[in-house]
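Shown below: work_27.cif, with mmCIF, C-alpha atoms.
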```cif
data_my_file
loop_
_atom_site.label_atom_id
_atom_site.label_comp_id
_atom_site.auth_asym_id
_atom_site.auth_seq_id
_atom_site.Cartn_x
_atom_site.Cartn_y
_atom_site.Cartn_z
CA MET U 1 59.34 -40.14 32.52
CA HIS U 2 61.31 -36.96 32.04
CA ARG U 3 64.51 -39.03 31.99
CA HIS U 4 63.39 -41.16 29.05
CA THR U 5 65.30 -40.77 25.82
CA GLN U 6 63.72 -40.12 22.43
CA ALA U 7 64.01 -43.86 21.70
CA ASP U 8 62.11 -44.64 24.89
CA PHE U 9 59.39 -42.11 23.89
CA GLU U 10 59.03 -43.65 20.45
CA SER U 11 58.75 -47.10 22.00
CA LEU U 12 56.09 -45.90 24.41
CA ARG U 13 54.24 -44.17 21.57
CA ASP U 14 54.19 -47.37 19.53
CA GLN U 15 52.75 -49.23 22.50
CA ALA U 16 50.20 -46.51 23.25
CA VAL U 17 49.05 -46.33 19.62
CA THR U 18 48.76 -50.11 19.44
CA LEU U 19 46.68 -50.21 22.60
CA ARG U 20 44.54 -47.33 21.33
CA ARG U 21 43.87 -49.08 18.08
CA ASP U 22 43.01 -52.22 20.02
CA GLY U 23 40.17 -50.24 21.55
CA LEU U 24 41.57 -49.28 24.97
CA SER U 25 40.52 -46.08 26.67
CA ARG U 26 42.94 -43.39 27.89
CA ARG U 27 42.56 -44.62 31.46
CA GLN U 28 43.32 -48.22 30.40
CA ILE U 29 46.40 -47.15 28.42
CA ARG U 30 47.60 -44.98 31.28
CA ASP U 31 47.30 -47.85 33.77
CA ARG U 32 48.78 -50.37 31.36
CA LEU U 33 51.88 -48.26 30.61
CA HIS U 34 52.09 -46.63 34.04
CA ILE U 35 51.94 -43.12 32.60
CA HIS U 36 50.45 -40.62 35.03
CA ASN U 37 51.28 -37.39 33.24
CA ASN U 38 48.43 -36.23 31.02
CA ASP U 39 50.67 -34.07 28.84
CA ILE U 40 52.88 -37.05 27.98
CA LEU U 41 49.82 -39.23 27.40
CA ASN U 42 48.40 -36.61 25.04
CA ARG U 43 51.66 -36.55 23.07
CA LEU U 44 51.74 -40.33 22.87
CA LEU U 45 48.17 -40.51 21.54
CA GLN U 46 48.33 -37.43 19.32
CA GLY U 47 46.37 -37.98 16.09
CA GLU U 48 44.72 -41.18 17.29
CA PRO U 49 40.91 -40.96 17.56
CA PRO U 50 39.19 -42.55 20.54
CA PRO U 51 37.36 -45.84 19.98
CA ASP U 52 33.65 -45.57 19.29
CA TRP U 53 32.65 -47.23 22.54
CA THR U 54 34.22 -44.39 24.57
CA ARG U 55 32.18 -41.69 22.83
CA ARG U 56 29.22 -40.51 24.79
CA PRO U 57 26.11 -39.42 22.87
CA ASN U 58 25.76 -35.63 22.79
CA ALA U 59 22.41 -34.83 24.37
CA LYS U 60 22.52 -31.30 22.96
CA ASP U 61 22.52 -32.67 19.42
CA ASP U 62 19.15 -34.29 20.11
CA LEU U 63 17.85 -31.11 21.75
CA ARG U 64 19.01 -28.99 18.83
CA ALA U 65 17.30 -31.27 16.31
CA ARG U 66 14.11 -31.26 18.39
CA ALA U 67 14.23 -27.47 18.78
CA ARG U 68 14.53 -27.00 15.02
CA GLU U 69 11.62 -29.37 14.46
CA LEU U 70 9.42 -27.42 16.88
CA ARG U 71 10.43 -24.10 15.36
CA GLY U 72 9.49 -25.45 11.96
CA ARG U 73 6.01 -26.06 13.33
CA GLY U 74 5.74 -22.38 14.18
CA MET U 75 6.41 -22.53 17.93
CA THR U 76 7.84 -19.52 19.77
CA TYR U 77 11.06 -19.51 21.83
CA ASP U 78 8.97 -19.59 25.03
CA GLU U 79 6.96 -22.57 23.83
CA ILE U 80 10.12 -24.46 22.81
CA GLN U 81 11.70 -23.68 26.18
CA VAL U 82 8.71 -25.11 28.03
CA GLU U 83 8.74 -28.18 25.78
CA LEU U 84 12.48 -28.92 26.01
CA GLY U 85 13.53 -27.30 29.29
CA CYS U 86 16.60 -25.59 27.78
CA SER U 87 17.58 -21.92 27.77
CA LYS U 88 16.22 -19.45 25.23
CA SER U 89 19.78 -18.38 24.42
CA SER U 90 20.59 -21.94 23.29
CA ILE U 91 17.34 -22.15 21.34
CA SER U 92 18.16 -18.88 19.62
CA LEU U 93 21.56 -20.22 18.51
CA TRP U 94 20.05 -23.46 17.22
CA VAL U 95 17.16 -22.04 15.20
CA ARG U 96 18.13 -18.47 14.29
CA ASP U 97 18.67 -19.42 10.63
CA LEU U 98 15.08 -20.62 10.35
CA PRO U 99 12.34 -18.23 9.20
CA LYS U 100 10.39 -16.51 11.94
CA PRO U 101 6.86 -17.93 12.22
CA PRO U 102 4.03 -15.55 11.31
CA PRO U 103 2.46 -13.72 14.27
CA ARG U 104 -0.52 -15.42 15.78
CA ARG U 105 -3.79 -13.62 16.26
CA THR U 106 -5.53 -13.45 19.59
CA LEU U 107 -9.22 -14.35 19.84
CA ALA U 108 -10.05 -10.64 19.88
CA GLU U 109 -7.92 -10.07 16.78
CA GLN U 110 -9.56 -13.02 15.01
CA ALA U 111 -13.00 -11.63 15.84
CA LYS U 112 -12.00 -8.20 14.61
CA LEU U 113 -10.69 -9.68 11.36
CA ALA U 114 -13.90 -11.68 10.85
CA ASN U 115 -15.99 -8.56 11.41
CA ARG U 116 -13.89 -6.61 8.95
CA LYS U 117 -14.29 -9.31 6.30
CA ARG U 118 -18.06 -9.33 6.83
CA TRP U 119 -18.14 -5.55 6.53
CA GLU U 120 -16.03 -5.65 3.35
CA HIS U 121 -18.49 -8.15 1.88
CA GLU U 122 -21.38 -5.89 2.88
CA LEU U 123 -19.66 -2.93 1.21
CA GLU U 124 -19.19 -4.96 -1.97
CA VAL U 125 -22.89 -5.86 -2.01
CA ARG U 126 -23.87 -2.23 -1.44
CA ASP U 127 -21.51 -1.04 -4.14
CA ARG U 128 -22.99 -3.48 -6.67
CA GLU U 129 -26.48 -2.28 -5.78
CA ARG U 130 -25.32 1.32 -6.09
CA GLN U 131 -23.82 0.72 -9.52
CA GLN U 132 -26.95 -1.12 -10.70
CA THR U 133 -29.13 1.80 -9.61
CA LYS U 134 -26.91 4.26 -11.44
CA ALA U 135 -26.87 2.16 -14.60
CA SER U 136 -30.67 1.83 -14.53
CA ALA U 137 -31.08 5.56 -14.03
CA MET U 138 -28.67 6.31 -16.87
CA ALA U 139 -30.67 4.06 -19.22
CA GLU U 140 -33.85 5.96 -18.30
CA ILE U 141 -32.33 9.21 -19.67
CA GLY U 142 -31.34 7.86 -23.06
CA THR U 143 -30.48 10.35 -25.82
CA LEU U 144 -31.32 14.00 -25.12
CA SER U 145 -33.43 15.93 -27.59
CA ASP U 146 -32.29 19.44 -28.53
CA ARG U 147 -34.99 20.91 -26.32
CA GLU U 148 -33.95 18.75 -23.35
CA LEU U 149 -30.29 19.73 -23.78
CA MET U 150 -31.42 23.34 -24.12
CA LEU U 151 -33.20 23.25 -20.77
CA VAL U 152 -30.39 21.35 -19.06
CA GLY U 153 -27.86 23.90 -20.29
CA VAL U 154 -29.87 26.87 -19.05
CA GLY U 155 -30.15 25.33 -15.58
CA LEU U 156 -26.49 24.41 -15.62
CA TYR U 157 -25.41 27.92 -16.51
CA TRP U 158 -27.75 29.61 -14.02
CA SER U 159 -26.34 27.50 -11.18
CA GLU U 160 -22.65 27.71 -12.12
CA GLY U 161 -22.21 30.64 -14.51
CA SER U 162 -21.63 34.34 -13.79
CA LYS U 163 -24.74 36.48 -13.39
CA SER U 164 -25.40 40.18 -13.59
CA LYS U 165 -26.39 41.84 -10.30
CA PRO U 166 -28.33 45.08 -9.72
CA TYR U 167 -25.29 46.47 -7.92
CA ARG U 168 -22.88 45.12 -10.57
CA MET U 169 -24.17 45.02 -14.10
CA SER U 170 -22.07 42.54 -16.07
CA GLU U 171 -23.75 40.84 -18.98
CA THR U 172 -20.99 38.34 -19.70
CA VAL U 173 -21.20 34.62 -20.30
CA THR U 174 -18.57 33.02 -18.08
CA PHE U 175 -18.74 29.48 -16.72
CA ILE U 176 -16.38 28.08 -14.05
CA ASN U 177 -16.27 24.48 -12.90
CA SER U 178 -13.92 21.75 -11.71
CA ASP U 179 -16.08 18.83 -12.93
CA PRO U 180 -14.99 17.74 -16.42
CA THR U 181 -18.44 16.26 -17.17
CA MET U 182 -20.07 19.61 -16.36
CA ILE U 183 -17.65 21.30 -18.75
CA GLN U 184 -18.46 18.79 -21.49
CA VAL U 185 -22.23 19.24 -21.12
CA TYR U 186 -21.81 23.03 -21.05
CA LEU U 187 -19.75 23.00 -24.26
CA ALA U 188 -22.32 20.72 -25.94
CA TRP U 189 -24.99 23.27 -24.96
CA LEU U 190 -22.97 26.17 -26.42
CA ASN U 191 -22.56 24.18 -29.61
CA LEU U 192 -26.35 23.69 -29.71
CA LEU U 193 -26.69 27.50 -29.42
CA ALA U 194 -24.35 27.87 -32.44
CA VAL U 195 -21.59 29.53 -30.43
CA GLU U 196 -18.52 29.28 -32.67
CA PRO U 197 -15.29 27.77 -31.26
CA ASP U 198 -13.36 30.98 -32.00
CA GLN U 199 -15.73 32.82 -29.63
CA LEU U 200 -14.50 30.74 -26.67
CA ARG U 201 -11.64 31.61 -24.35
CA PHE U 202 -10.23 29.26 -21.74
CA ARG U 203 -8.05 29.65 -18.68
CA VAL U 204 -7.34 27.68 -15.52
CA MET U 205 -7.81 28.62 -11.87
CA ILE U 206 -5.78 26.46 -9.51
CA HIS U 207 -3.86 26.39 -6.22
CA GLU U 208 -0.22 27.36 -6.65
CA SER U 209 0.90 24.19 -4.83
CA ALA U 210 -0.57 21.95 -7.56
CA ASP U 211 1.05 20.78 -10.81
CA VAL U 212 -0.07 23.78 -12.86
CA ALA U 213 1.41 22.70 -16.20
CA ALA U 214 -0.13 19.21 -15.98
CA SER U 215 -3.54 20.69 -15.15
CA GLU U 216 -3.37 23.09 -18.10
CA ARG U 217 -2.63 20.14 -20.42
CA TYR U 218 -5.47 18.16 -18.86
CA TRP U 219 -8.08 20.85 -19.58
CA ALA U 220 -6.69 21.59 -23.04
CA ASP U 221 -6.99 17.92 -23.97
CA LEU U 222 -10.53 17.78 -22.57
CA VAL U 223 -11.83 20.72 -24.62
CA GLY U 224 -9.72 19.86 -27.68
CA VAL U 225 -7.59 22.98 -28.07
CA ASP U 226 -3.89 23.80 -27.97
CA VAL U 227 -2.76 24.63 -24.45
CA ALA U 228 -0.89 27.61 -25.93
CA THR U 229 -4.25 29.27 -26.64
CA PHE U 230 -5.16 29.32 -22.95
CA GLY U 231 -5.22 32.63 -21.11
CA LYS U 232 -2.98 33.29 -18.13
CA THR U 233 -3.64 30.86 -15.31
CA THR U 234 -4.97 32.31 -12.06
CA LEU U 235 -3.02 30.94 -9.08
CA LYS U 236 -4.71 30.72 -5.71
CA LYS U 237 -2.41 31.53 -2.80
CA HIS U 238 -1.57 28.50 -0.71
CA ASN U 239 -2.61 28.74 2.95
CA PRO U 240 -0.64 26.17 5.02
CA LYS U 241 -3.20 26.42 7.84
CA THR U 242 -5.99 25.19 5.58
CA VAL U 243 -6.42 21.42 5.30
CA ARG U 244 -7.48 20.99 1.68
CA LYS U 245 -9.04 17.80 0.35
CA ASN U 246 -8.84 18.77 -3.35
CA VAL U 247 -5.30 17.47 -3.72
CA GLY U 248 -3.57 14.58 -5.51
CA GLU U 249 -3.43 13.43 -9.11
CA ASP U 250 -7.18 13.94 -9.66
CA TYR U 251 -7.03 17.61 -8.73
CA HIS U 252 -6.90 19.85 -11.82
CA GLY U 253 -8.31 23.09 -10.49
CA CYS U 254 -11.18 24.83 -12.30
CA LEU U 255 -11.63 25.66 -15.97
CA VAL U 256 -12.96 29.11 -16.85
CA VAL U 257 -14.91 29.24 -20.16
CA ARG U 258 -15.79 32.71 -21.44
CA VAL U 259 -17.84 33.55 -24.53
CA LEU U 260 -16.59 36.63 -26.36
CA GLN U 261 -19.18 39.36 -27.07
CA GLY U 262 -21.71 37.39 -25.06
CA ALA U 263 -24.02 40.20 -23.85
CA GLU U 264 -26.85 39.24 -26.17
CA LEU U 265 -26.47 35.53 -25.26
CA TYR U 266 -26.48 36.39 -21.56
CA ARG U 267 -29.80 38.26 -21.91
CA ARG U 268 -31.32 35.24 -23.65
CA ILE U 269 -30.03 32.92 -20.90
CA GLU U 270 -31.61 35.09 -18.24
CA GLY U 271 -34.88 35.14 -20.18
CA TRP U 272 -34.80 31.35 -20.64
CA TRP U 273 -34.30 30.88 -16.92
CA GLN U 274 -37.24 33.15 -16.16
CA GLY U 275 -39.29 31.03 -18.55
CA ILE U 276 -38.23 27.83 -16.78
CA THR U 277 -39.11 29.19 -13.33
CA ALA U 278 -42.50 30.39 -14.58
CA GLY U 279 -43.19 27.03 -16.21
CA ALA U 280 -42.16 25.17 -13.05
CA ARG U 281 -44.74 27.10 -11.01
CA ALA U 282 -47.57 26.29 -13.43
CA PRO U 283 -50.09 23.57 -12.49
CA LYS U 284 -48.85 20.06 -13.30
CA THR U 285 -50.56 16.90 -14.44
CA GLY U 286 -49.16 13.40 -14.27
CA GLY U 287 -45.61 12.73 -13.11
CA LEU U 288 -42.39 10.90 -13.87
CA SER U 289 -44.06 7.52 -14.29
CA GLY U 290 -41.47 4.89 -15.04
CA MET U 291 -38.57 7.05 -13.85
CA VAL U 292 -39.09 6.90 -10.12
#
```
As structure tokens, how would this structure be written, given the file I've shared?
Amino acid sequence: MHRHTQADFESLRDQAVTLRRDGLSRRQIRDRLHIHNNDILNRLLQGEPPPDWTRRPNAKDDLRARARELRGRGMTYDEIQVELGCSKSSISLWVRDLPKPPPRRTLAEQAKLANRKRWEHELEVRDRERQQTKASAMAEIGTLSDRELMLVGVGLYWSEGSKSKPYRMSETVTFINSDPTMIQVYLAWLNLLAVEPDQLRFRVMIHESADVAASERYWADLVGVDVATFGKTTLKKHNPKTVRKNVGEDYHGCLVVRVLQGAELYRRIEGWWQGITAGARAPKTGGLSGMV
């Protein structure tokens, strides 16, 4: 064949192409034209597709389609491998563009989840009962009379306010608390006692690691005064060894409320408290019918 001229090659090519288009296979063309060199045969048939009957079906195409179908059902690589008998590396190539199926829960995990849902439902029921009890109790209080607020305020101050001691005489009226509702009730009590707003002085006590400026604004807004009128804030030294729970956005430190020239008021508060304790020890009749 190597001695053939270009004309001979073109003649052979015409014959090979004609036979190819007639539906002959490479082997049939090779035997028909007596060409036993694959390189020459490739040149003769260059650009000519094989006839359809010579094409073998690609088994991997079917496997790939089946693998993708199984992956779409949520099967794992191991499950697909057992089903199809092909390698996991091939499966990975075929289905890697598909979304990963959600993780499946074991029986123990399913039981744990069911228990958690039951517990969450139980907590919801308990919370509703808790809120109903609180709402009912709140309705039982209703509007306070002046005398009731008077007594509440005395008890509030005697539990949370500063008190004079035999070893440290200090007849000042100073109240410190972190609960905004306690502050509001205390201020309502002072108003009942005709303590003028200009007799009040406010300042904040807070840990230095907190947002001091935000806390000062919080308390100023609560009591309805300009934050600029507050006294100097007392900063508590931060101890990194202490694990504090009063942190986060809801932590605002404590508000200190002092009544100027409050010696006379302090003496009255102490006397009121003595009156309450004496009255509490007196014989009682009846009870809180309808409130318990």
- Message: For this structure, which residues satisfy the selection - the PyMOL selection byres ((chain U and resi 168-171) around 12) - when it is evaluated on the file as given? I want them as an MDAnalysis selection string.
- Response: chainID U and resid 161:167 172:174 258:270
- Apply the PyMOL selection byres ((chain U and resi 95-102) around 6) to the structure shown and report the selected residues as a ChimeraX atom specification. /U:68,74,92-94,103
- How many Å separate atom CA of Trp272 of chain U from atom CA of Tyr186 of chain U? 15.4 Å
Give as an mmCIF file with C-alpha atoms, in the coordinates of the input the residues that the PyMOL selection byres ((chain U and resi 77) around 10) matches when applied to the coordinates above.
```cif
data_model
loop_
_atom_site.group_PDB
_atom_site.id
_atom_site.type_symbol
_atom_site.label_atom_id
_atom_site.label_comp_id
_atom_site.auth_asym_id
_atom_site.auth_seq_id
_atom_site.Cartn_x
_atom_site.Cartn_y
_atom_site.Cartn_z
ATOM 1 C CA ALA U 67 14.230 -27.470 18.780
ATOM 2 C CA LEU U 70 9.420 -27.420 16.880
ATOM 3 C CA ARG U 71 10.430 -24.100 15.360
ATOM 4 C CA GLY U 74 5.740 -22.380 14.180
ATOM 5 C CA MET U 75 6.410 -22.530 17.930
ATOM 6 C CA THR U 76 7.840 -19.520 19.770
ATOM 7 C CA ASP U 78 8.970 -19.590 25.030
ATOM 8 C CA GLU U 79 6.960 -22.570 23.830
ATOM 9 C CA ILE U 80 10.120 -24.460 22.810
ATOM 10 C CA GLN U 81 11.700 -23.680 26.180
ATOM 11 C CA VAL U 82 8.710 -25.110 28.030
ATOM 12 C CA GLU U 83 8.740 -28.180 25.780
ATOM 13 C CA SER U 87 17.580 -21.920 27.770
ATOM 14 C CA LYS U 88 16.220 -19.450 25.230
ATOM 15 C CA SER U 89 19.780 -18.380 24.420
ATOM 16 C CA SER U 90 20.590 -21.940 23.290
ATOM 17 C CA ILE U 91 17.340 -22.150 21.340
ATOM 18 C CA SER U 92 18.160 -18.880 19.620
ATOM 19 C CA VAL U 95 17.160 -22.040 15.200
#
```
Return as lines of an AutoDock Vina configuration file the box centre and box size in Å, one decimal, for an axis-aligned box around all listed atoms of segment 179-186 of chain U padded by 4 Å per side.
```
center_x = -18.6
center_y = 19.6
center_z = -17.2
size_x = 15.2
size_y = 14.8
size_z = 16.6
```
- Item | Nearest residue to Asp211 of chain U from the set U:His252, U:Arg116, U:Arg32, U:Arg64 (distances using only C-alpha atoms) |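 Closest to Asp211 of chain U of all the choices is U:His252.
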- Pick the closest to Glu10 of chain U from U:Ile40, U:Leu255, U:Cys86, U:Leu24: which is it, counting only C-alpha atoms?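 Looking only at the distances to Glu10 of chain U, the closest residue turns out to be U:Ile40.
For the pair atom CA of Ile206 of chain U and atom CA of Lys236 of chain U, the interatomic distance is 5.8 Å.
Put simply, atom CA of Asn37 of chain U is 16.6 Å away from atom CA of Ser11 of chain U.
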- Distance criterion (only C-alpha atoms): nearest to Asp31 of chain U out of U:Val223, U:Leu19, U:Leu144, U:Val154: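 For Asp31 of chain U, the nearest of the given residues is U:Leu19.
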